[in-house]
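One structure is given here, and the rest of the page talks about it.
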Amino acid sequence: MKKLLILAAILFPMLLISCGNPNQTGPDEHEENPIQEADADIQTLESAKAILTVKTVITKNESSINLPSSVAGYDGLTVSWVSGNESVISINGAVQHQSGTGSDSVNLTATLSLNGKTATKVFEITVYQTNAELSDEEVLEAAASDLETDASELYAEYLNADILSPYTLTLNDSVVIDGNEVSVNWSAESEDDHFSLSGNNLTIERDIVDIPVSLKGTLDYDGETAEKTITFTIPHISEFVYSYENTGSNYSSLDTRTYSFDGNNLVIMHNYTRTENGETDEFVEGYKYTYTVDASNKILMLTRVKIMEDGTWYTKSEYRDYASQEYVVYANAMKKVDAYPTLANFAEYMGGGEEEMQEYLESHGFYEGGVSTETAVRNYLDKEIEWMRNLLDLPVTATHSQIIDAMVSCSIEDIVDGGFPGTVAYDYQIDYNTSSWENNISFSAETAFLAGKHSYEQKGYWRTNSAGSSASLNYDMPDIKKGEFSFSNQNGNSFEGTAKFNSDFTSFVFLLKFLSSKTLEEDDKQWSVTEDLTNKKITVSNGHGKTFDLFFYPKQLY
């Protein structure tokens with residue numbers, strides 16, 4: 001937060017203020033609601049239970065059945081078995097065929113265990129007797145059972161190998177039952193980017209959420225056919241790590257970003273370390289989100305629930321309290337300058353050195369006319385406080401102390417609302433063979449342009465750059481009809497300030513905070529806004545020869 005205070009103090013003349021009622025903070029609508037470990041274990045057990053598979057038809061030439069003690073992809077989970085008839089199938093999978101020409105039915109009960117929690121699944125197994133001769137229909141039934149078991153075991157090998165990049169499995173194109181070959185043709189029930197089928201070759205590609213897939217095997221034996229549908233779950237990629245090291249003649253730096261997904265929550269950690277001339281600086285920030293995913297269209301919906309500052313995680317309400325405590329320092333420093341406008345107090349308020357602040361005042365024209373340093377500081381602060389009063393629509397009778405308190409309160413809400421912006425849609429992408437990323441797998445996301453939404457509802461930037469001029473408009477706080485606007489006019493002068501919109505965002509008043517000794521022309525203050533959302537464009541114009549076409553640019557997720 002210290003870095004935040006310094007930046008806020010130096011850039012405060014251009015700070016966007018977003019308050020209606022400074023004392024009304026509203027509900028903490030994005031508090032984290034963590035899933036209890038017990039509930040998570042139950043969900044894991046149910047998920048593993050759904051994919052646990054065993055062979056359900058055992059022909060007379062088979063002497064055992066595989067009873068797995070674990071489920072691929074579920075570390076720490078164990079499976080134990082109980083047989084309903086151990087004289088036919090024992091708990092270690094040994095099969096004893098009974099005399100006769102028919103079959104016996106045995107219930108096998110699997111108990112899945114994880115961290116003291118359990119779930120059960122019952123399989124009804126058909127065991128053919130020693131002299132049984134299978135009909136074509138029974139051959140197909142046995143083949144379907146083998147097909148599912150073989151495919152599941154093959155998929156389990158893939159899961160245990162933990163292969164993150166796209167990988168191709170070769171499925172069996174035939175099954176042999178008591179010496180009889182049954183052919184298999186495969187088709188995908190809902191083929192997409194996550195799994196594609198060519199003949200009996202299934203290519204799997206992971207995502208940031210689990211992807212259920214469904215395959216259908218069509219079995220053919222002696223002119224008779226049967227179908228078997230097999231479902232799998234492609235597990236999500238749990239972590240993406242970016243790391244870039246840069247070394248110069250007298251410095252080295254390491255930039256690391258980690259994106260951790262668990263299927264419901266995303267944690268982003270950003271670590272930056274720089275060593276220069278023997279001194280090391282480290283910067284660490286973190287963000288926690290809940291998320292949902294439209295994997296088919298690669299849309300990620302993120303809701304931020306925590307922010308890390310100074311090594312501590314904060315929810316929205318905690319972050320507001322934290323920012324409030326820090327901004328007391330800022331308010332007191334500004335009031336101190338207001339009471340005693342010395343260069344030393346001004347430097348403390350702005351967060352810089354006295355020499356730096358004197359140069360700042362000189363560059364902004366506050367020493368013109370040969371005034372004293374105290375007068376220069378006084379004029380700066382008076383102009384800033386008057387700007388605050390106008391921006392907050394406070395009465396002319398408001399004292400400097402009241403204006404400062406109102407501004408600080410609004411600034412806190414700006415920071416909190418900016419840190420917890422609600423649910424935001426992102427277009428995301430997973431790429432392979434990418435350098436600087438662990439396992440050569442990269443992840444990127446940028447705010448999506450939402451169809452049917454106005455320009456002020458889009459979570460991106462609007463800007464343009466053209467010959468001789470440029471402009472940008474950020475709808476930072478649309479709920480209270482304020483944003484940031486900047487432009488460079490034809491003679492090279494640059495201006496930046498606050499846009500105060502009308503009720504339907506079709507126009508705004510440009511309120512300039514001084515950036516230099518130059519003043520803004522009167523005809524630059526009122527601007528109109530026209531939307532062309534088909535082309536992701538808005539046009540802003542002041543009716544006096546200044547017109548800019550601004551285009552949508554997404555914000556990157558870091």
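Residue numbering restarts at 1 in every chain; chains get A, B, ... in the order shown in the structure tokens, and ligands count up from 1 in that same order.
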
Skipping near chain neighbours, those fewer than 4 positions away, what residues fall within 10 Å of Leu77 in chain A using only C-alpha atoms, listed as a list in words?
Asp41, Thr44, Leu45, Ala48, Ser69, Ser70, Val71, Ala72, Gly73, Leu112, Ser113, Leu114, Asn115, Lys117 and Thr118 of chain A

Env of Asn271 in chain A: 10 Å cut, atoms = only C-alpha atoms, seq-sep filter 4 positions within chain, self excluded. Answer as a PyMOL selection string.
chain A and resi 243+254-258+282-286

Test item: residues at most 9 Å from range 233-241 of chain A, only C-alpha atoms, excluding those fewer than 5 positions along its chain, as a compact mmCIF listing (two decimals) with all heavy atoms, in the first residue's frame:
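Below you can see selection33.txt, which holds the result:
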```txt
# COMPACT_ATOMS: atom_id res chain seq x y z
N ILE A 51 -16.30 -42.29 -12.58
CA ILE A 51 -15.44 -42.84 -13.63
C ILE A 51 -14.84 -44.20 -13.26
O ILE A 51 -14.15 -44.81 -14.09
CB ILE A 51 -14.30 -41.86 -13.98
CG1 ILE A 51 -13.33 -41.69 -12.81
CG2 ILE A 51 -14.85 -40.52 -14.43
CD1 ILE A 51 -12.10 -40.89 -13.19
N GLY A 73 -5.83 -40.17 -11.52
CA GLY A 73 -6.09 -38.74 -11.46
C GLY A 73 -6.57 -38.26 -10.10
O GLY A 73 -6.78 -37.06 -9.91
N LEU A 159 -3.91 -40.47 -17.80
CA LEU A 159 -4.05 -39.62 -16.61
C LEU A 159 -2.85 -39.75 -15.69
O LEU A 159 -2.35 -38.76 -15.15
CB LEU A 159 -5.34 -39.97 -15.86
CG LEU A 159 -6.66 -39.66 -16.56
CD1 LEU A 159 -7.82 -40.06 -15.67
CD2 LEU A 159 -6.76 -38.20 -16.94
N LEU A 164 0.27 -32.79 -20.21
CA LEU A 164 -0.48 -31.54 -20.28
C LEU A 164 -0.71 -31.08 -21.72
O LEU A 164 -1.73 -30.46 -22.01
CB LEU A 164 0.25 -30.45 -19.50
CG LEU A 164 0.47 -30.72 -18.01
CD1 LEU A 164 1.18 -29.55 -17.36
CD2 LEU A 164 -0.85 -31.01 -17.31
N HIS A 194 -11.43 -30.00 -27.61
CA HIS A 194 -10.82 -30.72 -26.51
C HIS A 194 -10.58 -32.19 -26.82
O HIS A 194 -9.74 -32.83 -26.18
CB HIS A 194 -11.70 -30.60 -25.26
CG HIS A 194 -11.89 -29.18 -24.82
ND1 HIS A 194 -12.99 -28.44 -25.16
CD2 HIS A 194 -11.09 -28.37 -24.11
CE1 HIS A 194 -12.87 -27.23 -24.65
NE2 HIS A 194 -11.74 -27.16 -24.02
N PHE A 195 -11.32 -32.73 -27.74
CA PHE A 195 -11.03 -34.10 -28.17
C PHE A 195 -11.55 -34.26 -29.60
O PHE A 195 -12.65 -33.85 -29.95
CB PHE A 195 -11.65 -35.13 -27.23
CG PHE A 195 -13.15 -35.20 -27.27
CD1 PHE A 195 -13.80 -36.31 -27.79
CD2 PHE A 195 -13.92 -34.15 -26.79
CE1 PHE A 195 -15.19 -36.38 -27.81
CE2 PHE A 195 -15.30 -34.21 -26.82
CZ PHE A 195 -15.93 -35.32 -27.33
N ILE A 204 -6.59 -35.64 -27.28
CA ILE A 204 -7.13 -34.98 -26.09
C ILE A 204 -6.37 -33.68 -25.85
O ILE A 204 -5.14 -33.63 -25.92
CB ILE A 204 -6.98 -35.89 -24.86
CG1 ILE A 204 -7.79 -37.18 -25.08
CG2 ILE A 204 -7.42 -35.18 -23.59
CD1 ILE A 204 -7.53 -38.22 -24.03
N GLU A 205 -7.11 -32.61 -25.56
CA GLU A 205 -6.49 -31.32 -25.22
C GLU A 205 -7.15 -30.80 -23.95
O GLU A 205 -8.37 -30.68 -23.87
CB GLU A 205 -6.66 -30.31 -26.35
CG GLU A 205 -5.97 -28.99 -26.07
CD GLU A 205 -5.95 -28.07 -27.28
OE1 GLU A 205 -6.09 -28.58 -28.41
OE2 GLU A 205 -5.81 -26.84 -27.09
N ARG A 206 -6.35 -30.46 -22.96
CA ARG A 206 -6.88 -30.02 -21.67
C ARG A 206 -7.27 -28.55 -21.70
O ARG A 206 -6.89 -27.79 -22.59
CB ARG A 206 -5.85 -30.27 -20.56
CG ARG A 206 -5.55 -31.75 -20.35
CD ARG A 206 -4.81 -31.98 -19.05
NE ARG A 206 -4.48 -33.38 -18.86
CZ ARG A 206 -4.03 -33.90 -17.71
NH1 ARG A 206 -3.86 -33.11 -16.65
NH2 ARG A 206 -3.75 -35.17 -17.61
N ASP A 207 -8.01 -28.16 -20.65
CA ASP A 207 -8.48 -26.78 -20.51
C ASP A 207 -8.31 -26.37 -19.05
O ASP A 207 -7.65 -27.06 -18.28
CB ASP A 207 -9.94 -26.67 -20.97
CG ASP A 207 -10.26 -25.32 -21.58
OD1 ASP A 207 -10.00 -24.30 -20.91
OD2 ASP A 207 -10.77 -25.27 -22.71
N ILE A 208 -8.93 -25.24 -18.65
CA ILE A 208 -8.82 -24.78 -17.26
C ILE A 208 -9.98 -25.28 -16.40
O ILE A 208 -10.06 -24.94 -15.22
CB ILE A 208 -8.71 -23.25 -17.19
CG1 ILE A 208 -9.89 -22.58 -17.91
CG2 ILE A 208 -7.39 -22.79 -17.77
CD1 ILE A 208 -9.88 -21.07 -17.81
N VAL A 209 -10.87 -26.04 -17.00
CA VAL A 209 -11.92 -26.75 -16.25
C VAL A 209 -11.97 -28.19 -16.75
O VAL A 209 -11.50 -28.49 -17.85
CB VAL A 209 -13.31 -26.10 -16.42
CG1 VAL A 209 -13.40 -24.80 -15.67
CG2 VAL A 209 -13.66 -25.94 -17.88
N ASP A 210 -12.53 -29.07 -15.94
CA ASP A 210 -12.72 -30.45 -16.39
C ASP A 210 -13.69 -30.48 -17.56
O ASP A 210 -14.71 -29.78 -17.57
CB ASP A 210 -13.28 -31.30 -15.25
CG ASP A 210 -12.29 -31.47 -14.11
OD1 ASP A 210 -11.12 -31.11 -14.29
OD2 ASP A 210 -12.72 -31.95 -13.05
N ILE A 211 -13.37 -31.29 -18.56
CA ILE A 211 -14.20 -31.39 -19.76
C ILE A 211 -14.74 -32.82 -19.88
O ILE A 211 -13.98 -33.76 -20.06
CB ILE A 211 -13.39 -31.05 -21.03
CG1 ILE A 211 -12.75 -29.66 -20.92
CG2 ILE A 211 -14.28 -31.15 -22.26
CD1 ILE A 211 -13.75 -28.52 -20.89
N PRO A 212 -16.06 -33.00 -19.77
CA PRO A 212 -16.62 -34.34 -19.99
C PRO A 212 -16.67 -34.65 -21.48
O PRO A 212 -17.06 -33.81 -22.29
CB PRO A 212 -18.03 -34.23 -19.39
CG PRO A 212 -18.38 -32.78 -19.50
CD PRO A 212 -17.08 -32.03 -19.38
N VAL A 213 -16.27 -35.85 -21.84
CA VAL A 213 -16.31 -36.27 -23.24
C VAL A 213 -17.06 -37.59 -23.33
O VAL A 213 -17.12 -38.36 -22.36
CB VAL A 213 -14.89 -36.41 -23.83
CG1 VAL A 213 -14.17 -35.08 -23.82
CG2 VAL A 213 -14.08 -37.46 -23.09
N SER A 214 -17.61 -37.83 -24.49
CA SER A 214 -18.40 -39.04 -24.68
C SER A 214 -18.08 -39.66 -26.04
O SER A 214 -18.12 -38.97 -27.06
CB SER A 214 -19.90 -38.72 -24.59
OG SER A 214 -20.67 -39.88 -24.71
N THR A 256 8.17 -13.53 -12.43
CA THR A 256 7.47 -14.81 -12.39
C THR A 256 5.98 -14.57 -12.13
O THR A 256 5.63 -13.85 -11.19
CB THR A 256 8.02 -15.73 -11.29
OG1 THR A 256 9.42 -15.94 -11.52
CG2 THR A 256 7.31 -17.08 -11.30
N ARG A 257 5.14 -15.17 -12.95
CA ARG A 257 3.69 -15.11 -12.73
C ARG A 257 3.16 -16.54 -12.72
O ARG A 257 3.46 -17.34 -13.61
CB ARG A 257 3.00 -14.30 -13.82
CG ARG A 257 3.36 -12.84 -13.82
CD ARG A 257 2.39 -12.02 -14.68
NE ARG A 257 2.39 -12.43 -16.07
CZ ARG A 257 3.19 -11.95 -17.00
NH1 ARG A 257 4.10 -11.05 -16.67
NH2 ARG A 257 3.10 -12.35 -18.25
N THR A 258 2.34 -16.85 -11.72
CA THR A 258 1.77 -18.18 -11.57
C THR A 258 0.25 -18.10 -11.55
O THR A 258 -0.32 -17.32 -10.79
CB THR A 258 2.26 -18.84 -10.27
OG1 THR A 258 3.69 -18.89 -10.27
CG2 THR A 258 1.72 -20.26 -10.15
N TYR A 259 -0.39 -18.88 -12.41
CA TYR A 259 -1.84 -18.97 -12.47
C TYR A 259 -2.24 -20.37 -12.00
O TYR A 259 -1.93 -21.35 -12.67
CB TYR A 259 -2.35 -18.74 -13.89
CG TYR A 259 -1.93 -17.43 -14.52
CD1 TYR A 259 -0.65 -17.26 -15.05
CD2 TYR A 259 -2.81 -16.36 -14.59
CE1 TYR A 259 -0.26 -16.06 -15.63
CE2 TYR A 259 -2.44 -15.16 -15.17
CZ TYR A 259 -1.17 -15.02 -15.69
OH TYR A 259 -0.78 -13.83 -16.26
N SER A 260 -2.93 -20.45 -10.86
CA SER A 260 -3.30 -21.75 -10.30
C SER A 260 -4.81 -21.93 -10.35
O SER A 260 -5.56 -21.14 -9.75
CB SER A 260 -2.81 -21.85 -8.85
OG SER A 260 -1.40 -21.71 -8.78
N PHE A 261 -5.27 -22.98 -11.04
CA PHE A 261 -6.69 -23.28 -11.19
C PHE A 261 -7.02 -24.57 -10.44
O PHE A 261 -6.28 -25.55 -10.54
CB PHE A 261 -7.04 -23.48 -12.67
CG PHE A 261 -6.93 -22.25 -13.52
CD1 PHE A 261 -5.72 -21.90 -14.11
CD2 PHE A 261 -8.04 -21.43 -13.73
CE1 PHE A 261 -5.62 -20.77 -14.90
CE2 PHE A 261 -7.94 -20.31 -14.53
CZ PHE A 261 -6.74 -19.97 -15.11
N ASP A 262 -8.15 -24.57 -9.71
CA ASP A 262 -8.59 -25.81 -9.07
C ASP A 262 -9.96 -26.27 -9.57
O ASP A 262 -10.56 -27.17 -8.99
CB ASP A 262 -8.59 -25.67 -7.54
CG ASP A 262 -9.68 -24.73 -7.03
OD1 ASP A 262 -10.45 -24.18 -7.85
OD2 ASP A 262 -9.76 -24.55 -5.80
N GLY A 263 -10.44 -25.66 -10.65
CA GLY A 263 -11.75 -25.99 -11.17
C GLY A 263 -12.83 -25.02 -10.74
O GLY A 263 -13.85 -24.87 -11.41
N SER A 436 9.53 -19.33 -22.24
CA SER A 436 9.36 -18.57 -20.99
C SER A 436 8.23 -19.10 -20.12
O SER A 436 7.96 -18.54 -19.05
CB SER A 436 9.16 -17.07 -21.24
OG SER A 436 10.26 -16.51 -21.92
N TRP A 437 7.55 -20.16 -20.56
CA TRP A 437 6.48 -20.76 -19.76
C TRP A 437 6.86 -22.18 -19.39
O TRP A 437 7.39 -22.93 -20.22
CB TRP A 437 5.16 -20.76 -20.52
CG TRP A 437 4.55 -19.40 -20.68
CD1 TRP A 437 4.89 -18.45 -21.60
CD2 TRP A 437 3.51 -18.83 -19.88
NE1 TRP A 437 4.12 -17.33 -21.43
CE2 TRP A 437 3.26 -17.53 -20.40
CE3 TRP A 437 2.76 -19.29 -18.81
CZ2 TRP A 437 2.29 -16.70 -19.85
CZ3 TRP A 437 1.79 -18.46 -18.28
CH2 TRP A 437 1.56 -17.18 -18.79
N GLU A 438 6.56 -22.55 -18.13
CA GLU A 438 6.85 -23.89 -17.66
C GLU A 438 6.08 -24.91 -18.51
O GLU A 438 4.92 -24.70 -18.84
CB GLU A 438 6.43 -24.00 -16.19
CG GLU A 438 6.91 -25.26 -15.50
CD GLU A 438 6.59 -25.23 -14.02
OE1 GLU A 438 7.39 -24.65 -13.26
OE2 GLU A 438 5.53 -25.75 -13.64
N ASN A 439 6.73 -26.00 -18.85
CA ASN A 439 6.16 -27.05 -19.71
C ASN A 439 5.83 -26.55 -21.10
O ASN A 439 5.13 -27.22 -21.86
CB ASN A 439 4.91 -27.66 -19.08
CG ASN A 439 5.16 -28.27 -17.72
OD1 ASN A 439 6.12 -29.03 -17.55
ND2 ASN A 439 4.34 -27.93 -16.74
N ILE A 441 3.77 -24.39 -21.96
CA ILE A 441 2.32 -24.16 -22.10
C ILE A 441 2.00 -22.79 -21.52
O ILE A 441 2.27 -22.53 -20.35
CB ILE A 441 1.51 -25.25 -21.38
CG1 ILE A 441 1.87 -26.63 -21.93
CG2 ILE A 441 0.02 -25.00 -21.52
CD1 ILE A 441 1.17 -27.76 -21.23
N SER A 442 1.43 -21.92 -22.32
CA SER A 442 1.15 -20.55 -21.86
C SER A 442 -0.35 -20.32 -21.73
O SER A 442 -1.16 -20.96 -22.40
CB SER A 442 1.74 -19.53 -22.83
OG SER A 442 1.07 -19.56 -24.07
N PHE A 443 -0.69 -19.38 -20.86
CA PHE A 443 -2.08 -18.97 -20.63
C PHE A 443 -2.17 -17.46 -20.74
O PHE A 443 -1.33 -16.73 -20.20
CB PHE A 443 -2.54 -19.42 -19.25
CG PHE A 443 -3.88 -18.86 -18.85
CD1 PHE A 443 -5.04 -19.45 -19.30
CD2 PHE A 443 -3.97 -17.74 -18.03
CE1 PHE A 443 -6.28 -18.94 -18.95
CE2 PHE A 443 -5.20 -17.22 -17.67
CZ PHE A 443 -6.36 -17.82 -18.13
```

How many Å separate CA of Val175 in chain A from CA of Phe123 in chain A?
21.5 Å

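Candidate residues A:Glu124, A:Thr539, A:Asn185, A:Leu511 were compared for distance to Gln526 in chain A, and the nearest is A:Leu511, using only C-alpha atoms.
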
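Minimum distance to Gly419 in chain A across A:Val305, A:Val182, A:Leu169, A:Val88 (counting only C-alpha atoms) occurs at A:Val305.
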
As number ranges by chain, please: every residue in range 130-366 of chain A that a backbone DSSP assignment puts in strand (DSSP E).
A: 167-170, 174-177, 180-188, 195-198, 201-204, 211-221, 224-234, 239-247, 251-261, 265-276, 279-294, 299-309, 312-314

Would you pick out the contacts of Thr447 in chain A at 7 Å or less, using only C-alpha atoms, so that residues sharing its chain but fewer than 6 positions from it are not included, and give the list as a count of residues only?
8

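All residues of range 96-308 of chain A that DSSP, run on the backbone, classes as helix (DSSP H, G or I) are Asp136, Glu137, Glu138, Val139, Leu140, Glu141, Ala142, Ala143, Ala144, Ser145, Asp146, Leu147, Glu148, Thr149, Asp150, Ala151, Ser152, Glu153, Leu154, Tyr155, Ala156, Glu157, Tyr158, Leu159, Asn160 and Ala161 of chain A.
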
Prev. selection, N, CA, C and O atoms, output as an mmCIF file, in the first residue's frame:
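Writing the result to result-v7.cif gives the following:
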```cif
data_model
loop_
_atom_site.group_PDB
_atom_site.id
_atom_site.type_symbol
_atom_site.label_atom_id
_atom_site.label_comp_id
_atom_site.auth_asym_id
_atom_site.auth_seq_id
_atom_site.Cartn_x
_atom_site.Cartn_y
_atom_site.Cartn_z
ATOM 1 N N ASP A 136 -24.758 -64.794 -30.357
ATOM 2 C CA ASP A 136 -24.205 -63.579 -30.954
ATOM 3 C C ASP A 136 -24.487 -62.364 -30.070
ATOM 4 O O ASP A 136 -23.628 -61.489 -29.892
ATOM 5 N N GLU A 137 -25.676 -62.322 -29.523
ATOM 6 C CA GLU A 137 -26.035 -61.190 -28.657
ATOM 7 C C GLU A 137 -25.162 -61.157 -27.406
ATOM 8 O O GLU A 137 -24.713 -60.090 -26.973
ATOM 9 N N GLU A 138 -24.884 -62.328 -26.835
ATOM 10 C CA GLU A 138 -24.047 -62.396 -25.632
ATOM 11 C C GLU A 138 -22.591 -62.062 -25.957
ATOM 12 O O GLU A 138 -21.879 -61.462 -25.139
ATOM 13 N N VAL A 139 -22.132 -62.440 -27.143
ATOM 14 C CA VAL A 139 -20.779 -62.068 -27.570
ATOM 15 C C VAL A 139 -20.658 -60.553 -27.641
ATOM 16 O O VAL A 139 -19.675 -59.954 -27.175
ATOM 17 N N LEU A 140 -21.671 -59.908 -28.231
ATOM 18 C CA LEU A 140 -21.653 -58.446 -28.337
ATOM 19 C C LEU A 140 -21.709 -57.797 -26.950
ATOM 20 O O LEU A 140 -21.031 -56.785 -26.695
ATOM 21 N N GLU A 141 -22.489 -58.379 -26.065
ATOM 22 C CA GLU A 141 -22.586 -57.836 -24.703
ATOM 23 C C GLU A 141 -21.224 -57.927 -23.994
ATOM 24 O O GLU A 141 -20.781 -56.987 -23.334
ATOM 25 N N ALA A 142 -20.560 -59.079 -24.120
ATOM 26 C CA ALA A 142 -19.244 -59.257 -23.506
ATOM 27 C C ALA A 142 -18.217 -58.323 -24.147
ATOM 28 O O ALA A 142 -17.349 -57.755 -23.469
ATOM 29 N N ALA A 143 -18.314 -58.161 -25.475
ATOM 30 C CA ALA A 143 -17.386 -57.270 -26.175
ATOM 31 C C ALA A 143 -17.567 -55.829 -25.720
ATOM 32 O O ALA A 143 -16.584 -55.076 -25.566
ATOM 33 N N ALA A 144 -18.815 -55.417 -25.496
ATOM 34 C CA ALA A 144 -19.074 -54.056 -25.034
ATOM 35 C C ALA A 144 -18.452 -53.815 -23.666
ATOM 36 O O ALA A 144 -17.889 -52.752 -23.393
ATOM 37 N N SER A 145 -18.534 -54.841 -22.801
ATOM 38 C CA SER A 145 -17.915 -54.728 -21.479
ATOM 39 C C SER A 145 -16.403 -54.606 -21.588
ATOM 40 O O SER A 145 -15.770 -53.770 -20.937
ATOM 41 N N ASP A 146 -15.798 -55.459 -22.438
ATOM 42 C CA ASP A 146 -14.349 -55.391 -22.634
ATOM 43 C C ASP A 146 -13.936 -54.052 -23.238
ATOM 44 O O ASP A 146 -12.892 -53.484 -22.892
ATOM 45 N N LEU A 147 -14.747 -53.561 -24.173
ATOM 46 C CA LEU A 147 -14.431 -52.298 -24.845
ATOM 47 C C LEU A 147 -14.337 -51.162 -23.837
ATOM 48 O O LEU A 147 -13.390 -50.365 -23.855
ATOM 49 N N GLU A 148 -15.302 -51.097 -22.937
ATOM 50 C CA GLU A 148 -15.294 -50.029 -21.927
ATOM 51 C C GLU A 148 -14.111 -50.175 -20.983
ATOM 52 O O GLU A 148 -13.436 -49.197 -20.644
ATOM 53 N N THR A 149 -13.841 -51.424 -20.575
ATOM 54 C CA THR A 149 -12.728 -51.655 -19.652
ATOM 55 C C THR A 149 -11.397 -51.303 -20.291
ATOM 56 O O THR A 149 -10.551 -50.627 -19.685
ATOM 57 N N ASP A 150 -11.191 -51.758 -21.525
ATOM 58 C CA ASP A 150 -9.924 -51.485 -22.213
ATOM 59 C C ASP A 150 -9.721 -49.981 -22.420
ATOM 60 O O ASP A 150 -8.616 -49.457 -22.216
ATOM 61 N N ALA A 151 -10.789 -49.285 -22.841
ATOM 62 C CA ALA A 151 -10.681 -47.840 -23.064
ATOM 63 C C ALA A 151 -10.397 -47.108 -21.756
ATOM 64 O O ALA A 151 -9.598 -46.157 -21.714
ATOM 65 N N SER A 152 -11.036 -47.558 -20.667
ATOM 66 C CA SER A 152 -10.829 -46.922 -19.368
ATOM 67 C C SER A 152 -9.403 -47.129 -18.876
ATOM 68 O O SER A 152 -8.779 -46.214 -18.318
ATOM 69 N N GLU A 153 -8.880 -48.318 -19.065
ATOM 70 C CA GLU A 153 -7.500 -48.583 -18.641
ATOM 71 C C GLU A 153 -6.508 -47.773 -19.463
ATOM 72 O O GLU A 153 -5.506 -47.261 -18.937
ATOM 73 N N LEU A 154 -6.783 -47.638 -20.759
ATOM 74 C CA LEU A 154 -5.915 -46.828 -21.614
ATOM 75 C C LEU A 154 -5.954 -45.363 -21.179
ATOM 76 O O LEU A 154 -4.918 -44.684 -21.103
ATOM 77 N N TYR A 155 -7.145 -44.882 -20.859
ATOM 78 C CA TYR A 155 -7.288 -43.500 -20.416
ATOM 79 C C TYR A 155 -6.630 -43.284 -19.056
ATOM 80 O O TYR A 155 -6.041 -42.233 -18.799
ATOM 81 N N ALA A 156 -6.697 -44.292 -18.190
ATOM 82 C CA ALA A 156 -6.040 -44.207 -16.885
ATOM 83 C C ALA A 156 -4.528 -44.065 -17.042
ATOM 84 O O ALA A 156 -3.878 -43.325 -16.289
ATOM 85 N N GLU A 157 -3.952 -44.762 -18.022
ATOM 86 C CA GLU A 157 -2.516 -44.616 -18.279
ATOM 87 C C GLU A 157 -2.185 -43.174 -18.671
ATOM 88 O O GLU A 157 -1.172 -42.615 -18.244
ATOM 89 N N TYR A 158 -3.041 -42.573 -19.485
ATOM 90 C CA TYR A 158 -2.839 -41.174 -19.884
ATOM 91 C C TYR A 158 -2.913 -40.249 -18.666
ATOM 92 O O TYR A 158 -2.079 -39.355 -18.493
ATOM 93 N N LEU A 159 -3.911 -40.475 -17.796
ATOM 94 C CA LEU A 159 -4.053 -39.619 -16.614
ATOM 95 C C LEU A 159 -2.854 -39.751 -15.688
ATOM 96 O O LEU A 159 -2.347 -38.763 -15.155
ATOM 97 N N ASN A 160 -2.409 -40.983 -15.477
ATOM 98 C CA ASN A 160 -1.270 -41.198 -14.585
ATOM 99 C C ASN A 160 0.013 -40.601 -15.145
ATOM 100 O O ASN A 160 0.902 -40.213 -14.388
ATOM 101 N N ALA A 161 0.128 -40.533 -16.457
ATOM 102 C CA ALA A 161 1.309 -39.925 -17.074
ATOM 103 C C ALA A 161 1.284 -38.406 -16.935
ATOM 104 O O ALA A 161 2.317 -37.751 -17.079
#
```

Just want the 9 Å neighbourhood of Asn66 in chain A, counted on only C-alpha atoms, with same-chain residues fewer than 3 positions away dropped. Output as a PyMOL selection string.
chain A and resi 54-55+92-94
